[in-house]
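Participant: You'll find structure_19.csv just under this line, and it carries CSV, C-alpha atoms.
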chain,number,residue,atom,x,y,z
D,1,MET,CA,-17.6,-25.8,-16.1
D,2,ALA,CA,-18.6,-22.2,-16.6
D,3,GLU,CA,-15.8,-19.7,-17.1
D,4,ARG,CA,-15.1,-17.7,-14.0
D,5,PRO,CA,-15.9,-13.9,-14.4
D,6,PRO,CA,-12.9,-11.6,-14.2
D,7,LEU,CA,-12.4,-9.6,-11.1
D,8,HIS,CA,-9.9,-6.8,-10.6
D,9,VAL,CA,-8.9,-6.8,-6.9
D,10,LEU,CA,-7.4,-3.5,-5.7
D,11,ILE,CA,-5.5,-4.3,-2.5
D,12,ALA,CA,-4.9,-1.3,-0.2
D,13,ALA,CA,-1.5,-0.6,1.1
D,14,PRO,CA,-0.5,-0.1,3.8
D,15,ARG,CA,-2.9,-2.5,5.6
D,16,GLY,CA,-2.9,-5.0,8.4
D,17,PHE,CA,-0.5,-5.2,11.3
D,18,CYS,CA,0.8,-2.0,12.8
D,19,ALA,CA,3.9,-1.8,14.9
D,20,GLY,CA,2.0,-1.7,18.2
D,21,VAL,CA,0.0,-4.9,17.4
D,22,ASP,CA,3.1,-6.7,16.2
D,23,ARG,CA,4.9,-5.7,19.4
D,24,ALA,CA,2.0,-6.9,21.6
D,25,ILE,CA,1.8,-10.3,19.9
D,26,GLN,CA,5.6,-10.7,20.2
D,27,ILE,CA,5.3,-9.9,23.9
D,28,VAL,CA,2.9,-12.7,24.5
D,29,GLU,CA,4.9,-15.1,22.4
D,30,LEU,CA,8.1,-14.2,24.2
D,31,ALA,CA,6.4,-14.4,27.6
D,32,LEU,CA,5.4,-18.0,26.7
D,33,GLU,CA,9.0,-18.8,25.8
D,34,ARG,CA,10.4,-17.2,28.9
D,35,PHE,CA,7.9,-18.3,31.6
D,36,GLY,CA,6.2,-21.3,29.9
D,37,ALA,CA,2.5,-21.9,29.6
D,38,PRO,CA,0.1,-20.8,30.8
D,39,VAL,CA,0.7,-17.0,30.5
D,40,TYR,CA,-2.4,-15.0,31.3
D,41,VAL,CA,-3.5,-12.0,29.3
D,42,ARG,CA,-5.9,-9.4,30.6
D,43,HIS,CA,-8.5,-8.9,27.9
D,44,GLU,CA,-7.8,-9.6,24.2
D,45,ILE,CA,-4.2,-8.7,23.5
D,46,VAL,CA,-5.5,-7.2,20.2
D,47,HIS,CA,-8.9,-7.1,18.7
D,48,ASN,CA,-8.7,-10.1,16.3
D,49,ARG,CA,-10.2,-13.5,17.0
D,50,PHE,CA,-7.7,-15.4,14.7
D,51,VAL,CA,-4.7,-13.9,16.6
D,52,VAL,CA,-6.3,-14.5,20.0
D,53,ASP,CA,-7.1,-18.1,19.1
D,54,ARG,CA,-3.6,-18.8,17.8
D,55,LEU,CA,-2.0,-17.5,21.0
D,56,ARG,CA,-4.5,-19.5,23.1
D,57,ASP,CA,-3.4,-22.6,21.2
D,58,GLN,CA,0.2,-21.7,22.3
D,59,GLY,CA,-0.8,-21.5,26.0
D,60,ALA,CA,-2.1,-18.0,26.5
D,61,VAL,CA,-5.1,-17.7,28.8
D,62,PHE,CA,-7.3,-14.7,28.2
D,63,VAL,CA,-9.2,-13.3,31.3
D,64,ASP,CA,-11.4,-10.3,32.0
D,65,GLU,CA,-9.9,-9.3,35.3
D,66,LEU,CA,-6.8,-9.9,37.5
D,67,ASP,CA,-8.7,-11.9,40.1
D,68,GLU,CA,-8.8,-14.7,37.5
D,69,VAL,CA,-5.0,-14.9,37.4
D,70,PRO,CA,-3.2,-17.3,39.8
D,71,ASP,CA,-0.6,-15.8,42.1
D,72,ASP,CA,2.2,-17.8,40.6
D,73,ARG,CA,1.7,-17.0,36.9
D,74,PRO,CA,2.6,-13.9,34.8
D,75,VAL,CA,0.0,-11.7,33.2
D,76,VAL,CA,0.2,-9.5,30.1
D,77,PHE,CA,-1.8,-6.2,29.7
D,78,SER,CA,-3.3,-5.7,26.3
D,79,ALA,CA,-2.1,-3.3,23.6
D,80,HIS,CA,-5.1,-0.9,24.3
D,81,GLY,CA,-3.7,0.1,27.7
D,82,VAL,CA,-5.1,-0.2,31.2
D,83,PRO,CA,-6.1,2.1,34.1
D,84,LYS,CA,-3.4,2.8,36.7
D,85,SER,CA,-5.4,0.7,39.1
D,86,VAL,CA,-4.7,-2.5,37.2
D,87,PRO,CA,-0.9,-2.5,37.6
D,88,ALA,CA,-1.3,-1.2,41.1
D,89,MET,CA,-3.5,-4.2,41.9
D,90,ALA,CA,-1.0,-6.5,40.3
D,91,THR,CA,1.8,-5.1,42.3
D,92,GLU,CA,-0.2,-5.4,45.5
D,93,ARG,CA,-0.8,-9.1,44.8
D,94,GLY,CA,2.9,-9.6,43.9
D,95,LEU,CA,2.0,-10.7,40.3
D,96,HIS,CA,4.6,-10.6,37.6
D,97,PHE,CA,3.2,-8.5,34.9
D,98,VAL,CA,4.3,-7.3,31.4
D,99,ASP,CA,2.7,-4.2,29.9
D,100,ALA,CA,2.0,-4.6,26.2
D,101,THR,CA,0.3,-1.2,25.9
D,102,CYS,CA,1.1,0.4,22.5
D,103,PRO,CA,3.7,3.1,23.0
D,104,LEU,CA,1.5,5.5,21.0
D,105,VAL,CA,-1.3,4.9,23.5
D,106,SER,CA,1.1,5.4,26.4
D,107,LYS,CA,2.0,8.7,24.9
D,108,VAL,CA,-1.6,9.8,25.2
D,109,HIS,CA,-1.6,8.6,28.8
D,110,ARG,CA,1.5,10.7,29.7
D,111,GLN,CA,-0.1,13.8,27.9
D,112,ALA,CA,-3.2,13.4,30.0
D,113,GLU,CA,-1.1,13.3,33.2
D,114,ARG,CA,0.8,16.5,32.2
D,115,LEU,CA,-2.4,18.4,31.3
D,116,ILE,CA,-4.0,17.6,34.6
D,117,ALA,CA,-0.8,18.6,36.4
D,118,ASP,CA,-1.1,21.9,34.6
D,119,GLY,CA,-4.6,22.4,35.9
D,120,ARG,CA,-6.4,21.8,32.6
D,121,HIS,CA,-9.6,19.8,32.2
D,122,ILE,CA,-9.5,17.3,29.3
D,123,LEU,CA,-12.1,16.8,26.7
D,124,PHE,CA,-11.3,13.3,25.3
D,125,ILE,CA,-12.5,12.5,21.8
D,126,GLY,CA,-13.3,8.8,21.6
D,127,HIS,CA,-15.9,6.0,21.8
D,128,ALA,CA,-17.5,5.1,25.1
D,129,GLY,CA,-16.6,1.7,26.4
D,130,HIS,CA,-13.6,1.2,24.2
D,131,PRO,CA,-10.6,-0.3,26.2
D,132,GLU,CA,-8.3,2.5,25.1
D,133,VAL,CA,-10.8,5.1,26.4
D,134,ILE,CA,-11.2,3.2,29.7
D,135,GLY,CA,-7.4,3.0,30.1
D,136,THR,CA,-6.9,6.7,29.4
D,137,PHE,CA,-9.6,7.8,31.8
D,138,GLY,CA,-7.9,5.6,34.4
D,139,GLN,CA,-4.7,7.6,34.2
D,140,VAL,CA,-6.1,10.8,35.8
D,141,PRO,CA,-8.4,11.6,38.8
D,142,GLU,CA,-12.1,11.0,38.3
D,143,GLY,CA,-13.9,14.0,37.0
D,144,SER,CA,-10.9,15.6,35.4
D,145,ILE,CA,-11.7,14.2,31.9
D,146,THR,CA,-14.9,14.3,29.9
D,147,LEU,CA,-15.8,12.1,26.9
D,148,VAL,CA,-16.8,13.8,23.6
D,149,GLU,CA,-18.0,11.3,21.0
D,150,THR,CA,-19.7,13.5,18.3
D,151,VAL,CA,-19.9,17.0,16.9
D,152,ALA,CA,-23.2,17.3,18.8
D,153,ASP,CA,-21.4,16.5,22.1
D,154,ALA,CA,-18.8,19.2,21.3
D,155,GLY,CA,-21.6,21.7,21.0
D,156,SER,CA,-23.2,20.8,24.3
D,157,VAL,CA,-20.5,19.6,26.6
D,158,ALA,CA,-20.5,21.6,29.9
D,159,VAL,CA,-17.2,23.0,31.2
D,160,LEU,CA,-16.5,25.0,34.3
D,161,ASP,CA,-13.4,26.9,33.0
D,162,PRO,CA,-13.2,27.4,29.2
D,163,ALA,CA,-9.8,29.1,29.6
D,164,ASN,CA,-8.2,25.9,31.0
D,165,LEU,CA,-9.2,23.2,28.6
D,166,ALA,CA,-7.3,20.7,26.4
D,167,TYR,CA,-8.3,17.9,24.2
D,168,LEU,CA,-6.9,14.5,23.4
D,169,THR,CA,-8.1,11.7,21.2
D,170,GLN,CA,-8.3,7.9,21.0
D,171,THR,CA,-5.7,6.7,18.6
D,172,THR,CA,-8.0,4.7,16.3
D,173,LEU,CA,-10.6,7.2,15.3
D,174,SER,CA,-11.9,8.4,11.9
D,175,VAL,CA,-9.5,11.1,10.8
D,176,ASP,CA,-12.4,13.1,9.2
D,177,ASP,CA,-14.8,12.7,12.1
D,178,THR,CA,-12.2,13.7,14.6
D,179,ALA,CA,-11.3,16.8,12.5
D,180,ALA,CA,-14.9,17.9,12.5
D,181,ILE,CA,-15.2,17.4,16.3
D,182,VAL,CA,-11.9,19.4,16.8
D,183,ASP,CA,-13.2,22.2,14.6
D,184,ALA,CA,-16.4,22.3,16.7
D,185,LEU,CA,-14.4,22.4,20.0
D,186,THR,CA,-12.0,25.1,18.8
D,187,ALA,CA,-14.8,27.2,17.5
D,188,ARG,CA,-16.6,27.0,20.9
D,189,PHE,CA,-13.5,27.1,23.0
D,190,PRO,CA,-10.8,29.2,21.2
D,191,ALA,CA,-8.3,28.7,24.1
D,192,ILE,CA,-8.5,24.9,24.1
D,193,GLN,CA,-5.0,23.4,24.0
D,194,ALA,CA,-4.3,20.8,21.3
D,195,PRO,CA,-2.1,17.8,21.7
D,196,ARG,CA,1.6,18.3,21.2
D,197,SER,CA,1.4,16.0,18.3
D,198,GLU,CA,-1.4,14.1,16.5
D,199,ASP,CA,-3.0,11.5,18.7
D,200,ILE,CA,-4.6,9.4,16.0
D,201,CYS,CA,-1.8,6.9,15.2
D,202,TYR,CA,0.1,6.7,12.0
D,203,ALA,CA,-1.3,3.3,11.2
D,204,THR,CA,-4.9,4.4,11.5
D,205,SER,CA,-4.3,7.5,9.4
D,206,ASN,CA,-2.3,5.6,6.7
D,207,ARG,CA,-4.9,2.8,6.4
D,208,GLN,CA,-7.7,5.3,6.0
D,209,ALA,CA,-5.8,7.2,3.4
D,210,ALA,CA,-5.1,4.0,1.5
D,211,VAL,CA,-8.8,3.2,1.4
D,212,LYS,CA,-9.5,6.7,0.1
D,213,ALA,CA,-7.0,6.2,-2.6
D,214,ILE,CA,-8.6,3.1,-4.0
D,215,ALA,CA,-12.3,3.7,-3.3
D,216,PRO,CA,-13.0,5.8,-6.4
D,217,SER,CA,-12.0,2.8,-8.5
D,218,CYS,CA,-14.0,0.2,-6.6
D,219,GLU,CA,-17.5,-1.1,-6.9
D,220,LYS,CA,-17.4,-2.7,-3.5
D,221,MET,CA,-15.0,-3.1,-0.6
D,222,LEU,CA,-14.1,-5.9,1.9
D,223,VAL,CA,-12.4,-4.8,5.1
D,224,ILE,CA,-10.8,-7.7,7.1
D,225,GLY,CA,-11.0,-7.1,10.8
D,226,ALA,CA,-12.9,-7.8,14.0
D,227,PRO,CA,-16.3,-6.2,14.7
D,228,ASN,CA,-14.9,-4.8,18.0
D,229,SER,CA,-11.8,-3.3,16.2
D,230,SER,CA,-12.3,0.4,16.1
D,231,ASN,CA,-9.7,1.0,13.4
D,232,SER,CA,-11.3,-1.7,11.2
D,233,LEU,CA,-14.8,-0.3,11.6
D,234,ARG,CA,-13.5,3.1,10.6
D,235,LEU,CA,-12.0,1.7,7.3
D,236,ALA,CA,-15.5,0.4,6.3
D,237,GLU,CA,-17.0,3.7,7.2
D,238,VAL,CA,-14.5,5.6,5.1
D,239,ALA,CA,-15.3,3.6,2.0
D,240,GLU,CA,-19.1,3.9,2.6
D,241,ARG,CA,-18.8,7.6,2.9
D,242,LEU,CA,-17.2,7.7,-0.5
D,243,GLY,CA,-20.1,5.8,-1.9
D,244,VAL,CA,-18.6,2.3,-2.0
D,245,PRO,CA,-20.7,-0.4,-0.4
D,246,SER,CA,-18.5,-2.1,2.2
D,247,ARG,CA,-18.5,-5.1,4.5
D,248,LEU,CA,-16.4,-5.8,7.5
D,249,ILE,CA,-15.4,-9.5,7.7
D,250,GLU,CA,-13.3,-11.5,10.1
D,251,ARG,CA,-12.1,-13.9,7.5
D,252,ALA,CA,-13.0,-15.5,4.1
D,253,THR,CA,-15.7,-17.7,5.5
D,254,ASP,CA,-17.7,-14.5,6.4
D,255,ILE,CA,-17.9,-13.3,2.8
D,256,ASP,CA,-21.6,-12.8,1.8
D,257,TRP,CA,-21.4,-13.9,-1.8
D,258,ASP,CA,-25.0,-12.8,-2.6
D,259,TRP,CA,-24.1,-9.3,-1.4
D,260,LEU,CA,-20.8,-9.3,-3.3
D,261,GLY,CA,-22.4,-10.4,-6.6
D,262,GLN,CA,-20.2,-10.1,-9.6
D,263,PRO,CA,-18.4,-6.7,-9.4
D,264,GLN,CA,-15.7,-5.9,-11.9
D,265,THR,CA,-13.5,-4.2,-9.4
D,266,LEU,CA,-13.3,-5.0,-5.6
D,267,GLY,CA,-11.2,-3.2,-3.0
D,268,VAL,CA,-9.7,-5.3,-0.1
D,269,THR,CA,-8.0,-3.9,3.0
D,270,ALA,CA,-7.3,-5.1,6.6
D,271,GLY,CA,-7.4,-3.4,9.9
D,272,ALA,CA,-4.3,-2.9,12.0
D,273,SER,CA,-4.8,-6.1,14.0
D,274,ALA,CA,-5.6,-8.4,11.1
D,275,PRO,CA,-2.7,-10.6,9.9
D,276,GLU,CA,-1.7,-10.7,6.2
D,277,LEU,CA,-2.5,-14.4,6.2
D,278,LEU,CA,-6.2,-13.5,6.4
D,279,VAL,CA,-5.9,-11.2,3.4
D,280,ARG,CA,-4.4,-14.0,1.4
D,281,GLU,CA,-7.2,-16.3,2.6
D,282,VAL,CA,-9.8,-13.9,1.2
D,283,ILE,CA,-7.9,-13.6,-2.2
D,284,ASP,CA,-7.8,-17.4,-2.4
D,285,ALA,CA,-11.5,-17.6,-1.8
D,286,LEU,CA,-12.2,-15.0,-4.5
D,287,ARG,CA,-10.1,-17.1,-6.9
D,288,LEU,CA,-12.5,-20.0,-6.5
D,289,ARG,CA,-15.3,-17.9,-8.0
D,290,PHE,CA,-13.5,-15.3,-10.2
D,291,THR,CA,-10.5,-14.9,-12.5
D,292,VAL,CA,-8.7,-12.6,-10.1
D,293,ILE,CA,-6.3,-9.9,-11.2
D,294,GLU,CA,-4.4,-8.5,-8.2
D,295,ASP,CA,-3.2,-5.0,-8.0
D,296,GLU,CA,-1.6,-3.7,-4.8
D,297,THR,CA,-1.3,0.0,-4.6
D,298,GLU,CA,2.1,1.6,-4.3
D,299,HIS,CA,3.1,3.0,-0.9
D,300,ARG,CA,6.0,4.1,1.1
D,301,PRO,CA,6.8,1.4,3.7
D,302,GLU,CA,5.9,2.6,7.2
D,303,GLY,CA,9.2,1.4,8.7
D,304,MET,CA,7.9,1.8,12.3
D,305,SER,CA,8.9,-0.5,15.1
D,306,PHE,CA,8.8,-0.4,18.9
D,307,LYS,CA,11.2,-1.8,21.4
D,308,LEU,CA,10.2,-4.9,23.3
D,309,PRO,CA,10.3,-4.9,27.2
D,310,ARG,CA,13.9,-5.4,28.3
D,311,GLU,CA,13.0,-8.3,30.6
D,312,LEU,CA,11.8,-10.4,27.6
D,313,VAL,CA,14.8,-9.8,25.4
D,314,ALA,CA,17.7,-9.6,27.8
Please re-express this file's structure in structure tokens.
Facilitator:
Amino acid sequence: MAERPPLHVLIAAPRGFCAGVDRAIQIVELALERFGAPVYVRHEIVHNRFVVDRLRDQGAVFVDELDEVPDDRPVVFSAHGVPKSVPAMATERGLHFVDATCPLVSKVHRQAERLIADGRHILFIGHAGHPEVIGTFGQVPEGSITLVETVADAGSVAVLDPANLAYLTQTTLSVDDTAAIVDALTARFPAIQAPRSEDICYATSNRQAAVKAIAPSCEKMLVIGAPNSSNSLRLAEVAERLGVPSRLIERATDIDWDWLGQPQTLGVTAGASAPELLVREVIDALRLRFTVIEDETEHRPEGMSFKLPRELVA
């Protein structure tokens, strides 16, 4: 048997589950304990197939819209947030619902409401069609918020009253891309009001910084996350921009071994909705082909947690 080549694996930290994802998953699990199966979940609770399949095995039923939920069963709203019309419809039907929206997304929702109440038009930096964007737009009257996706959009967006503008952002964006868009907006609209605090969440920022820290030492990078996970996609982009060929994979079976080749140093990280179990699965798969030396980067523990809904823990 041929000797396996050595591989130094730099494991980014922090990585994987953030507090909002952990809370959302706990909410579904606690709802199953409290109400019994099935518990319905509107859209994927988080963007990770492994997590969704595991919860489905426990009795969660994932649906696209509320009209798929029976009158006598509870429904959980995903971590990405929902338009106001969704809980209003649930209330009208008499459905028992639990809102698993990440508190940091809810913070953006409340900011949007305050800005509109103050008479400002919002330029929202985000990705069209993402559930978080749809949910935020659904917090305010139609026409009071405009999507800005790129620096080019920032340079061309039409506004009626430049003196009464504000911007907000999706929580899972590229830190660098967002800074460039904000710079373009502030250069064009000097009076534009910034958020009271950073909208890009701590987990997104920290995971991107962790990739930047290890990328200079890596020949290639594997990012564990779903293809519809915004924060995971951004991690792969960060590495690519630093000149490190990167691949987004959902789990170990997705590794393209021909693409990987035989690097001497490989970076591994995971998006905020990918469990650590999948990281270990990837490392185990690498061990079958390489003599792996693991090296996890030092970091300060995030120490963030969010309260669970009172009705599920009382």
Participant: Just the number, please: distance in Å from CA of Arg15 (chain D) to CA of Asp284 (chain D), one decimal.
Facilitator: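 We find that CA of Arg15 (chain D) and CA of Asp284 (chain D) lie 17.6 Å from each other.
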Participant: Hey, can you check how far CA of Phe35 (chain D) sits from CA of Val105 (chain D)?
Facilitator: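 CA of Phe35 (chain D) sits 26.2 Å away from CA of Val105 (chain D).
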Participant: Taking (7.7, -7.9, 40.8) as a centre in this file's frame and 12 Å as the limit, can you find every polymer residue with an atom that close, using only C-alpha atoms, and give them as a list of chain:residue names?
Facilitator: D:Asp71, D:Asp72, D:Arg73, D:Pro74, D:Val75, D:Pro87, D:Ala88, D:Met89, D:Ala90, D:Thr91, D:Glu92, D:Arg93, D:Gly94, D:Leu95, D:His96, D:Phe97, D:Val98, D:Glu311
Participant: Write out as a list in words each polymer residue whose atoms come within 12 Å of Glu65 (chain D), counting only C-alpha atoms; drop sequence neighbours fewer than 4 positions from it.
Facilitator: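 Final neighbour list, sorted by chain and number: Tyr40, Val41, Arg42, His43, Glu44, Val61, Val69, Pro70, Val75, Val76, Phe77, Ser78, Val82, Ser85, Val86, Pro87, Met89 and Ala90 of chain D.
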Participant: Show me, as a tab-separated table (two decimals) with C-alpha atoms, keeping the file's coordinate frame, the residues that have an atom within 8 Å of region 128-144 of chain D when counting all atoms listed in the file, minus same-chain residues fewer than 6 positions from it.
Facilitator:
chain	number	residue	atom	x	y	z
D	80	HIS	CA	-5.10	-0.90	24.30
D	81	GLY	CA	-3.70	0.10	27.70
D	82	VAL	CA	-5.10	-0.20	31.20
D	83	PRO	CA	-6.10	2.10	34.10
D	84	LYS	CA	-3.40	2.80	36.70
D	85	SER	CA	-5.40	0.70	39.10
D	105	VAL	CA	-1.30	4.90	23.50
D	108	VAL	CA	-1.60	9.80	25.20
D	109	HIS	CA	-1.60	8.60	28.80
D	112	ALA	CA	-3.20	13.40	30.00
D	113	GLU	CA	-1.10	13.30	33.20
D	116	ILE	CA	-4.00	17.60	34.60
D	121	HIS	CA	-9.60	19.80	32.20
D	122	ILE	CA	-9.50	17.30	29.30
D	170	GLN	CA	-8.30	7.90	21.00
Participant: Residues of region 80-188 of chain D that approach region 215-239 of chain D to 7 Å or less, counting all atoms listed in the file: could you list each one with the shortest pair of atoms and its distance in Å to one decimal, rows by chain and increasing residue number, as a Markdown table?
Facilitator:
| residue | atom | partner | partner_atom | distance |
| --- | --- | --- | --- | --- |
| D:Thr172 | CA | D:Asn231 | CA | 5.0 |
| D:Leu173 | CA | D:Asn231 | CA | 6.5 |
| D:Ser174 | CA | D:Arg234 | CA | 5.7 |
Participant: Just give me the residues with any atom within 10 Å of (-5.0, 4.2, 0.8), file coordinates, counting all atoms listed in the file, written as a list of chain:residue names.
Facilitator: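 Here is the list of nearby residues: D:Ile11, D:Ala12, D:Ala13, D:Pro14, D:Arg15, D:Ser205, D:Asn206, D:Arg207, D:Gln208, D:Ala209, D:Ala210, D:Val211, D:Lys212, D:Ala213, D:Ile214, D:Ala215, D:Leu235, D:Thr269, D:Thr297, D:Glu298, D:His299.
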Participant: State, in Å with one decimal place, the distance from CA of Ala60 (chain D) to CA of Gly271 (chain D).
Facilitator: 22.7 Å
